[in-house]
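Shown next: work14.txt, given as compact mmCIF, C-alpha atoms.
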# COMPACT_ATOMS: atom_id res chain seq x y z
CA GLU A 183 -16.79 -18.95 3.42
CA THR A 184 -15.69 -15.65 1.94
CA GLY A 185 -18.21 -15.28 -0.88
CA VAL A 186 -15.32 -15.53 -3.34
CA THR A 187 -14.44 -19.05 -4.41
CA GLN A 188 -11.24 -20.00 -6.18
CA THR A 189 -10.36 -23.29 -7.86
CA PRO A 190 -8.12 -25.13 -7.85
CA ARG A 191 -6.63 -24.40 -4.46
CA HIS A 192 -3.34 -25.98 -5.47
CA LEU A 193 -1.83 -26.45 -8.90
CA VAL A 194 1.46 -27.90 -10.05
CA MET A 195 2.37 -27.46 -13.69
CA GLY A 196 5.30 -27.77 -16.01
CA MET A 197 6.57 -24.88 -18.04
CA THR A 198 4.96 -26.18 -21.21
CA ASN A 199 1.53 -26.83 -19.73
CA LYS A 200 -1.62 -24.78 -20.18
CA LYS A 201 -3.91 -24.44 -17.20
CA SER A 202 -6.56 -22.07 -15.90
CA LEU A 203 -7.47 -20.63 -12.53
CA LYS A 204 -11.12 -19.93 -11.83
CA CYS A 205 -12.75 -17.42 -9.53
CA GLU A 206 -16.43 -16.98 -8.76
CA GLN A 207 -17.99 -14.39 -6.49
CA HIS A 208 -21.43 -14.72 -4.94
CA LEU A 209 -21.62 -11.20 -3.54
CA GLY A 210 -23.25 -9.36 -6.42
CA HIS A 211 -20.13 -7.25 -6.94
CA ASN A 212 -19.23 -5.55 -10.19
CA ALA A 213 -15.45 -5.42 -9.95
CA MET A 214 -13.03 -8.33 -9.86
CA TYR A 215 -9.27 -8.46 -9.51
CA TRP A 216 -6.32 -10.82 -9.80
CA TYR A 217 -3.44 -10.31 -7.35
CA LYS A 218 -0.16 -12.21 -7.13
CA GLN A 219 1.41 -12.85 -3.75
CA SER A 220 5.02 -14.02 -3.66
CA ALA A 221 7.22 -14.54 -0.64
CA LYS A 222 8.68 -11.31 0.70
CA LYS A 223 6.85 -9.15 -1.84
CA PRO A 224 3.77 -7.02 -1.45
CA LEU A 225 0.53 -8.06 -3.04
CA GLU A 226 0.93 -7.28 -6.73
CA LEU A 227 -2.09 -6.23 -8.73
CA MET A 228 -2.31 -8.03 -12.06
CA PHE A 229 -5.68 -7.24 -13.62
CA VAL A 230 -8.85 -5.30 -12.84
CA TYR A 231 -12.25 -5.88 -14.38
CA ASN A 232 -15.23 -3.59 -14.00
CA PHE A 233 -18.57 -4.81 -15.31
CA LYS A 234 -16.70 -7.47 -17.34
CA GLU A 235 -14.44 -4.89 -18.96
CA GLN A 236 -10.72 -4.89 -18.25
CA THR A 237 -9.74 -1.54 -16.77
CA GLU A 238 -6.20 -2.28 -15.71
CA ASN A 239 -3.39 -4.53 -16.86
CA ASN A 240 -0.48 -3.93 -14.58
CA SER A 241 2.27 -4.76 -17.10
CA VAL A 242 1.63 -8.46 -16.74
CA PRO A 243 3.47 -10.82 -19.14
CA SER A 244 1.34 -12.24 -21.92
CA ARG A 245 1.77 -15.77 -20.57
CA PHE A 246 -0.99 -14.72 -18.16
CA SER A 247 -4.28 -14.20 -19.94
CA PRO A 248 -7.39 -13.10 -18.04
CA GLU A 249 -10.97 -13.68 -19.03
CA CYS A 250 -14.11 -12.23 -17.49
CA PRO A 251 -17.26 -13.62 -19.13
CA ASN A 252 -19.57 -11.92 -16.62
CA SER A 253 -19.41 -9.93 -13.40
CA SER A 254 -19.41 -13.09 -11.28
CA HIS A 255 -16.67 -15.10 -12.95
CA LEU A 256 -13.01 -14.45 -13.58
CA PHE A 257 -10.42 -16.74 -15.10
CA LEU A 258 -6.66 -16.59 -15.36
CA HIS A 259 -5.31 -18.67 -18.23
CA LEU A 260 -1.73 -19.79 -17.83
CA HIS A 261 0.68 -20.99 -20.50
CA THR A 262 4.44 -21.44 -20.81
CA LEU A 263 5.01 -20.16 -17.29
CA GLN A 264 8.36 -19.79 -15.60
CA PRO A 265 9.41 -21.13 -12.19
CA GLU A 266 9.45 -17.56 -10.86
CA ASP A 267 5.70 -17.44 -11.53
CA SER A 268 5.19 -19.82 -8.62
CA ALA A 269 3.09 -17.90 -6.11
CA LEU A 270 -0.29 -17.58 -4.46
CA TYR A 271 -2.79 -16.10 -6.90
CA LEU A 272 -5.59 -14.27 -5.17
CA CYS A 273 -8.87 -13.26 -6.69
CA ALA A 274 -10.79 -10.40 -5.12
CA SER A 275 -14.01 -8.57 -5.72
CA SER A 276 -15.54 -5.28 -4.66
CA ARG A 277 -18.89 -3.63 -5.08
CA ILE A 278 -17.55 -1.12 -7.54
CA VAL A 279 -14.15 -0.45 -9.00
CA LEU A 280 -13.07 2.51 -6.96
CA ASN A 281 -10.05 2.69 -4.74
CA THR A 282 -12.21 2.94 -1.70
CA GLY A 283 -14.34 0.26 -0.18
CA GLU A 284 -13.60 -3.21 0.98
CA LEU A 285 -11.92 -5.89 -1.11
CA PHE A 286 -13.16 -9.43 -0.58
CA PHE A 287 -10.49 -12.01 -1.28
CA GLY A 288 -10.81 -15.65 -2.19
CA GLU A 289 -8.68 -18.24 -0.46
CA GLY A 290 -6.21 -18.26 -3.32
CA SER A 291 -4.72 -20.74 -5.76
CA ARG A 292 -1.23 -21.89 -4.82
CA LEU A 293 0.68 -22.36 -8.08
CA THR A 294 3.95 -24.23 -8.42
CA VAL A 295 5.75 -24.18 -11.76
CA LEU A 296 8.34 -26.87 -12.25
CA GLY B 152 4.06 5.48 -8.45
CA GLN B 153 2.68 5.89 -5.00
CA GLN B 154 3.78 3.27 -2.52
CA VAL B 155 2.92 2.50 1.04
CA MET B 156 5.77 1.41 3.26
CA GLN B 157 5.25 -0.66 6.40
CA ILE B 158 7.45 -1.18 9.40
CA PRO B 159 8.49 -3.35 11.04
CA GLN B 160 8.60 -6.29 8.66
CA TYR B 161 8.44 -8.78 11.53
CA GLN B 162 7.51 -8.56 15.19
CA HIS B 163 7.72 -11.30 17.79
CA VAL B 164 6.00 -10.64 21.11
CA GLN B 165 5.03 -12.52 24.21
CA GLU B 166 1.33 -12.98 24.73
CA GLY B 167 -0.02 -10.01 26.63
CA GLU B 168 2.45 -7.51 25.20
CA ASP B 169 1.35 -4.70 22.94
CA PHE B 170 2.10 -4.47 19.23
CA THR B 171 2.17 -1.62 16.74
CA THR B 172 2.70 -1.53 12.99
CA TYR B 173 3.20 1.65 11.00
CA CYS B 174 2.31 2.53 7.46
CA ASN B 175 3.75 5.53 5.58
CA SER B 176 3.03 7.02 2.20
CA SER B 177 5.02 9.54 0.19
CA THR B 178 1.79 11.17 -0.94
CA THR B 179 -1.46 12.16 0.70
CA LEU B 180 -3.98 9.34 0.77
CA SER B 181 -7.70 9.77 0.35
CA ASN B 182 -8.19 6.73 2.54
CA ILE B 183 -6.29 3.82 3.98
CA GLN B 184 -7.37 0.26 4.60
CA TRP B 185 -6.04 -2.46 6.85
CA TYR B 186 -6.16 -6.20 6.20
CA LYS B 187 -5.13 -9.26 8.19
CA GLN B 188 -3.87 -12.49 6.67
CA ARG B 189 -3.57 -15.54 8.90
CA PRO B 190 -0.84 -18.08 8.07
CA GLY B 191 -2.03 -20.12 5.10
CA GLY B 192 -5.03 -17.86 4.69
CA HIS B 193 -6.14 -14.94 2.59
CA PRO B 194 -6.29 -11.21 3.38
CA VAL B 195 -9.39 -10.17 5.29
CA PHE B 196 -10.54 -6.59 5.52
CA LEU B 197 -10.30 -5.01 8.96
CA ILE B 198 -11.11 -1.35 8.55
CA GLN B 199 -11.00 1.74 6.37
CA LEU B 200 -9.98 5.20 7.58
CA VAL B 201 -10.95 8.28 5.63
CA LYS B 202 -10.73 11.42 7.79
CA SER B 203 -7.61 13.26 8.86
CA GLY B 204 -6.67 12.31 12.42
CA GLU B 205 -9.32 9.58 12.53
CA VAL B 206 -9.09 6.98 15.28
CA LYS B 207 -11.16 3.81 15.24
CA LYS B 208 -11.23 0.95 17.68
CA GLN B 209 -12.17 -2.68 17.30
CA LYS B 210 -11.92 -4.35 20.69
CA ARG B 211 -8.15 -4.52 21.35
CA LEU B 212 -7.22 -3.02 17.97
CA THR B 213 -6.79 0.74 17.54
CA PHE B 214 -6.36 2.26 14.10
CA GLN B 215 -5.14 5.79 13.46
CA PHE B 216 -4.91 7.95 10.36
CA GLY B 217 -2.40 10.76 10.53
CA GLU B 218 -3.33 14.42 10.43
CA ALA B 219 -1.56 14.84 7.09
CA LYS B 220 -3.17 11.63 5.79
CA LYS B 221 0.24 10.24 4.90
CA ASN B 222 0.62 7.71 7.67
CA SER B 223 -1.38 5.26 9.68
CA SER B 224 -0.88 2.85 12.52
CA LEU B 225 -2.45 -0.26 13.95
CA HIS B 226 -1.98 -0.91 17.65
CA ILE B 227 -2.97 -4.14 19.37
CA THR B 228 -3.26 -4.08 23.15
CA ALA B 229 -2.46 -7.23 25.13
CA THR B 230 -1.82 -9.51 22.19
CA GLN B 231 -3.27 -12.99 22.05
CA THR B 232 -2.18 -16.01 20.01
CA THR B 233 -5.20 -15.43 17.79
CA ASP B 234 -3.58 -12.17 16.64
CA VAL B 235 -0.89 -14.08 14.79
CA GLY B 236 -0.73 -13.19 11.10
CA THR B 237 0.41 -10.57 8.67
CA TYR B 238 -1.14 -7.11 8.80
CA PHE B 239 -1.25 -5.12 5.58
CA CYS B 240 -2.08 -1.52 4.98
CA ALA B 241 -3.34 -0.49 1.56
CA GLY B 242 -3.81 2.88 -0.05
CA PRO B 243 -5.24 4.09 -3.33
CA PRO B 244 -2.85 4.67 -6.24
CA ASN B 245 -2.12 8.05 -7.83
CA SER B 246 -3.99 6.82 -10.88
CA GLY B 247 -6.11 3.83 -11.61
CA TYR B 248 -8.47 2.05 -9.32
CA ALA B 249 -6.86 -0.72 -7.38
CA LEU B 250 -5.22 -0.50 -4.00
CA ASN B 251 -1.46 -0.50 -3.39
CA PHE B 252 -0.57 -2.84 -0.58
CA GLY B 253 2.34 -2.49 1.79
CA LYS B 254 4.65 -5.46 2.33
CA GLY B 255 2.95 -6.21 5.61
CA THR B 256 4.07 -6.77 9.17
CA SER B 257 4.18 -10.39 10.28
CA LEU B 258 3.23 -10.79 13.93
CA LEU B 259 4.20 -13.82 15.93
CA VAL B 260 2.78 -14.21 19.42
CA THR B 261 4.19 -16.82 21.75
CA PRO B 262 2.28 -17.97 24.83
As C-alpha cells, please, write out the structure in this file.
Amino acid sequence: ETGVTQTPRHLVMGMTNKKSLKCEQHLGHNAMYWYKQSAKKPLELMFVYNFKEQTENNSVPSRFSPECPNSSHLFLHLHTLQPEDSALYLCASSRIVLNTGELFFGEGSRLTVL
Amino acid sequence: GQQVMQIPQYQHVQEGEDFTTYCNSSTTLSNIQWYKQRPGGHPVFLIQLVKSGEVKKQKRLTFQFGEAKKNSSLHITATQTTDVGTYFCAGPPNSGYALNFGKGTSLLVTP
C-alpha cells in the first residue's frame, strides 16, 4: 500500500476509444503528477498540479487531458490515442510542489493501445 | 534542459558481489534523489542528498553526492537477490518544479 491508488491497473483500448485513468492519494499531499514510463526511456513528466491548479504541461499532446477536481484526485482522460502511447502511466504525489522532497508513486496503469 | 545521465544501463552480478551506479548532471544540482523500482513495480523513494560531498548509508547501500554537486553514486555491498530492480537518480530541473529522472540502471543478481 503506497498511499497513492491508481485504477485501472491495466487498460487495453482502441485508437478511437475514450477512457480515463484515475489516481487518488490518501497522504494529505498538495501536489500531484502524471508520469509516462516507456521501455528504454526515462520517466517522462506529463503534468503537475499544485493545490488543484495545473503548474506544468510538459508539451503533452492534446489527446491526453488531465483533470484535478481536488488535491486528492487526479484523472487522465484519453482519446484517439496512438499505439506509441502504450506505456505505464504513473501517478505521484508530494507534500508540496517543489523539486525537493519525496515523490510517492502509485502502482501505475499499464496502457495498451491497439 | 538539464538532464541527469546514468551509467551503466544494465549490470549483472553474482550474489555477494558489489554494485555501483553513477549519475551525472551537466549543471549543479541543489539536491539529488534516488529511487528503486522492482520488476513490475513502481518507483520507491530511497534517499535524498542535499549537501556537497554528502555520504549517507542505508544498511548495505551507500549514497554519495559529489563535491561539485554534479554527480552522485549508489553503491551496494554484497548484493542479494532482493536488490534486483532498476535504480533511478533524479534531480531538479533548471526551471519548473518536477524532477528529471535518469534512465536508470537495471540490476540483475543471480544466486
Per residue of chain B within 7 Å of chain A, what are the shortest atom pair and its distance in Å to one decimal, counting only C-alpha atoms, with rows by chain and residue number, as a Markdown table?
| residue | atom | partner | partner_atom | distance |
| --- | --- | --- | --- | --- |
| B:Asn182 | CA | A:Thr282 | CA | 7.0 |
| B:Gly192 | CA | A:Glu289 | CA | 6.3 |
| B:His193 | CA | A:Glu289 | CA | 5.2 |
| B:Pro194 | CA | A:Phe287 | CA | 6.3 |
| B:Val195 | CA | A:Phe287 | CA | 6.9 |
| B:Phe196 | CA | A:Glu284 | CA | 6.4 |
| B:Pro243 | CA | A:Asn281 | CA | 5.2 |
| B:Tyr248 | CA | A:Asn281 | CA | 4.9 |
| B:Ala249 | CA | A:Asn281 | CA | 5.4 |
| B:Leu250 | CA | A:Asn281 | CA | 5.8 |
| B:Phe252 | CA | A:Leu225 | CA | 5.9 |
| B:Gly253 | CA | A:Pro224 | CA | 5.8 |
| B:Lys254 | CA | A:Pro224 | CA | 4.2 |
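Here atom CA of Gly191 of chain B and atom CA of Thr294 of chain A stand 15.3 Å from one another.
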Where is the centre and how long are the edges: axis-aligned box on segment 167-182 of chain B, 3 Å on each side, Å to one decimal, as lines of an AutoDock Vina configuration file:
center_x = -1.6
center_y = 1.1
center_z = 12.8
size_x = 19.2
size_y = 28.2
size_z = 33.6
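With all atoms listed in the file as the basis for measurement, A:Cys250 is the residue among A:Cys250, A:Lys201, A:Gln264, A:Val295 that approaches Trp216 of chain A most closely.
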### Task
Rank B:Ser246, B:Gln162, B:Gln231, B:Gln199 by their smallest atom-to-atom distance to Tyr186 of chain B, using only C-alpha atoms, and report the top residue only.
B:Gln199
## Note on the structure
Counting all atoms listed in the file, the residue among B:Leu180, B:Met156, B:Ile198, B:Leu258 that lies closest to Ile227 of chain B is B:Leu258
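Taking atom CA of Lys208 of chain B and atom CA of Tyr173 of chain B as the two end points, the separation is 15.9 Å.
Residues within 12 Å of Pro265 of chain A, counting only C-alpha atoms and excluding same-chain residues fewer than 5 positions away, are Val194, Met195, Gly196, Met197, Thr198, Ser220, Leu293, Thr294, Val295 and Leu296 of chain A.
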### Message
Quick check, in Å to one decimal: how far apart do atom CA of His211 of chain A and atom CA of Phe239 of chain B lie?
### Response
22.8 Å
### Query
Hey, which of B:Thr237, B:Gln184, B:Asn175, B:Asn245 ends up closest to Gln160 of chain B? Count all atoms listed in the file.
B:Thr237
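Minimum distance to Pro190 of chain A across A:Lys234, A:His261, A:Arg277, A:Arg292 (counting only C-alpha atoms) occurs at A:Arg292.
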### Message
Env of Asp169 of chain B: 6 Å cut, atoms = only C-alpha atoms, seq-sep filter 3 positions within chain, self excluded. Answer as a list in words.
### Response
Ile227, Thr228, Ala229 and Thr230 of chain B
Would you fill out segment 229-245 of chain A with N, CA, C and O atoms and return it as a PDB file, in the frame of the given file?
ATOM      1  N   PHE A 229      -4.612  -7.671 -12.722  1.00  0.00           N
ATOM      2  CA  PHE A 229      -5.680  -7.240 -13.620  1.00  0.00           C
ATOM      3  C   PHE A 229      -6.879  -6.746 -12.814  1.00  0.00           C
ATOM      4  O   PHE A 229      -7.139  -7.224 -11.717  1.00  0.00           O
ATOM      5  N   VAL A 230      -7.607  -5.799 -13.420  1.00  0.00           N
ATOM      6  CA  VAL A 230      -8.850  -5.300 -12.840  1.00  0.00           C
ATOM      7  C   VAL A 230      -9.930  -5.356 -13.898  1.00  0.00           C
ATOM      8  O   VAL A 230      -9.711  -4.932 -15.040  1.00  0.00           O
ATOM      9  N   TYR A 231     -11.085  -5.854 -13.505  1.00  0.00           N
ATOM     10  CA  TYR A 231     -12.250  -5.880 -14.380  1.00  0.00           C
ATOM     11  C   TYR A 231     -13.396  -5.151 -13.708  1.00  0.00           C
ATOM     12  O   TYR A 231     -13.662  -5.347 -12.521  1.00  0.00           O
ATOM     13  N   ASN A 232     -14.062  -4.310 -14.484  1.00  0.00           N
ATOM     14  CA  ASN A 232     -15.230  -3.590 -14.000  1.00  0.00           C
ATOM     15  C   ASN A 232     -16.374  -3.856 -14.956  1.00  0.00           C
ATOM     16  O   ASN A 232     -16.278  -3.532 -16.144  1.00  0.00           O
ATOM     17  N   PHE A 233     -17.450  -4.433 -14.454  1.00  0.00           N
ATOM     18  CA  PHE A 233     -18.570  -4.810 -15.310  1.00  0.00           C
ATOM     19  C   PHE A 233     -18.082  -5.581 -16.544  1.00  0.00           C
ATOM     20  O   PHE A 233     -18.447  -5.272 -17.674  1.00  0.00           O
ATOM     21  N   LYS A 234     -17.260  -6.556 -16.328  1.00  0.00           N
ATOM     22  CA  LYS A 234     -16.700  -7.470 -17.340  1.00  0.00           C
ATOM     23  C   LYS A 234     -15.648  -6.824 -18.226  1.00  0.00           C
ATOM     24  O   LYS A 234     -15.040  -7.515 -19.047  1.00  0.00           O
ATOM     25  N   GLU A 235     -15.411  -5.556 -18.108  1.00  0.00           N
ATOM     26  CA  GLU A 235     -14.440  -4.890 -18.960  1.00  0.00           C
ATOM     27  C   GLU A 235     -13.114  -4.704 -18.215  1.00  0.00           C
ATOM     28  O   GLU A 235     -13.099  -4.239 -17.065  1.00  0.00           O
ATOM     29  N   GLN A 236     -12.033  -5.040 -18.899  1.00  0.00           N
ATOM     30  CA  GLN A 236     -10.720  -4.890 -18.250  1.00  0.00           C
ATOM     31  C   GLN A 236     -10.370  -3.408 -18.161  1.00  0.00           C
ATOM     32  O   GLN A 236     -10.360  -2.700 -19.181  1.00  0.00           O
ATOM     33  N   THR A 237     -10.095  -2.940 -16.973  1.00  0.00           N
ATOM     34  CA  THR A 237      -9.740  -1.540 -16.770  1.00  0.00           C
ATOM     35  C   THR A 237      -8.276  -1.345 -16.447  1.00  0.00           C
ATOM     36  O   THR A 237      -7.755  -0.240 -16.577  1.00  0.00           O
ATOM     37  N   GLU A 238      -7.616  -2.400 -15.987  1.00  0.00           N
ATOM     38  CA  GLU A 238      -6.200  -2.280 -15.710  1.00  0.00           C
ATOM     39  C   GLU A 238      -5.475  -3.579 -16.032  1.00  0.00           C
ATOM     40  O   GLU A 238      -5.976  -4.664 -15.747  1.00  0.00           O
ATOM     41  N   ASN A 239      -4.324  -3.422 -16.665  1.00  0.00           N
ATOM     42  CA  ASN A 239      -3.390  -4.530 -16.860  1.00  0.00           C
ATOM     43  C   ASN A 239      -2.056  -4.004 -16.367  1.00  0.00           C
ATOM     44  O   ASN A 239      -1.463  -3.131 -17.000  1.00  0.00           O
ATOM     45  N   ASN A 240      -1.641  -4.507 -15.250  1.00  0.00           N
ATOM     46  CA  ASN A 240      -0.480  -3.930 -14.580  1.00  0.00           C
ATOM     47  C   ASN A 240       0.829  -4.481 -15.125  1.00  0.00           C
ATOM     48  O   ASN A 240       1.624  -5.049 -14.392  1.00  0.00           O
ATOM     49  N   SER A 241       1.035  -4.316 -16.445  1.00  0.00           N
ATOM     50  CA  SER A 241       2.270  -4.760 -17.100  1.00  0.00           C
ATOM     51  C   SER A 241       2.542  -6.241 -16.855  1.00  0.00           C
ATOM     52  O   SER A 241       3.664  -6.634 -16.546  1.00  0.00           O
ATOM     53  N   VAL A 242       1.506  -7.028 -16.981  1.00  0.00           N
ATOM     54  CA  VAL A 242       1.630  -8.460 -16.740  1.00  0.00           C
ATOM     55  C   VAL A 242       2.080  -9.157 -18.029  1.00  0.00           C
ATOM     56  O   VAL A 242       1.564  -8.848 -19.106  1.00  0.00           O
ATOM     57  N   PRO A 243       3.016 -10.096 -17.931  1.00  0.00           N
ATOM     58  CA  PRO A 243       3.470 -10.820 -19.140  1.00  0.00           C
ATOM     59  C   PRO A 243       2.311 -11.529 -19.830  1.00  0.00           C
ATOM     60  O   PRO A 243       1.353 -11.964 -19.180  1.00  0.00           O
ATOM     61  N   SER A 244       2.439 -11.673 -21.130  1.00  0.00           N
ATOM     62  CA  SER A 244       1.340 -12.240 -21.920  1.00  0.00           C
ATOM     63  C   SER A 244       1.112 -13.717 -21.644  1.00  0.00           C
ATOM     64  O   SER A 244       0.092 -14.268 -22.089  1.00  0.00           O
ATOM     65  N   ARG A 245       2.008 -14.366 -20.918  1.00  0.00           N
ATOM     66  CA  ARG A 245       1.770 -15.770 -20.570  1.00  0.00           C
ATOM     67  C   ARG A 245       0.632 -15.903 -19.534  1.00  0.00           C
ATOM     68  O   ARG A 245       0.173 -17.004 -19.260  1.00  0.00           O
TER      69      ARG A 245
END
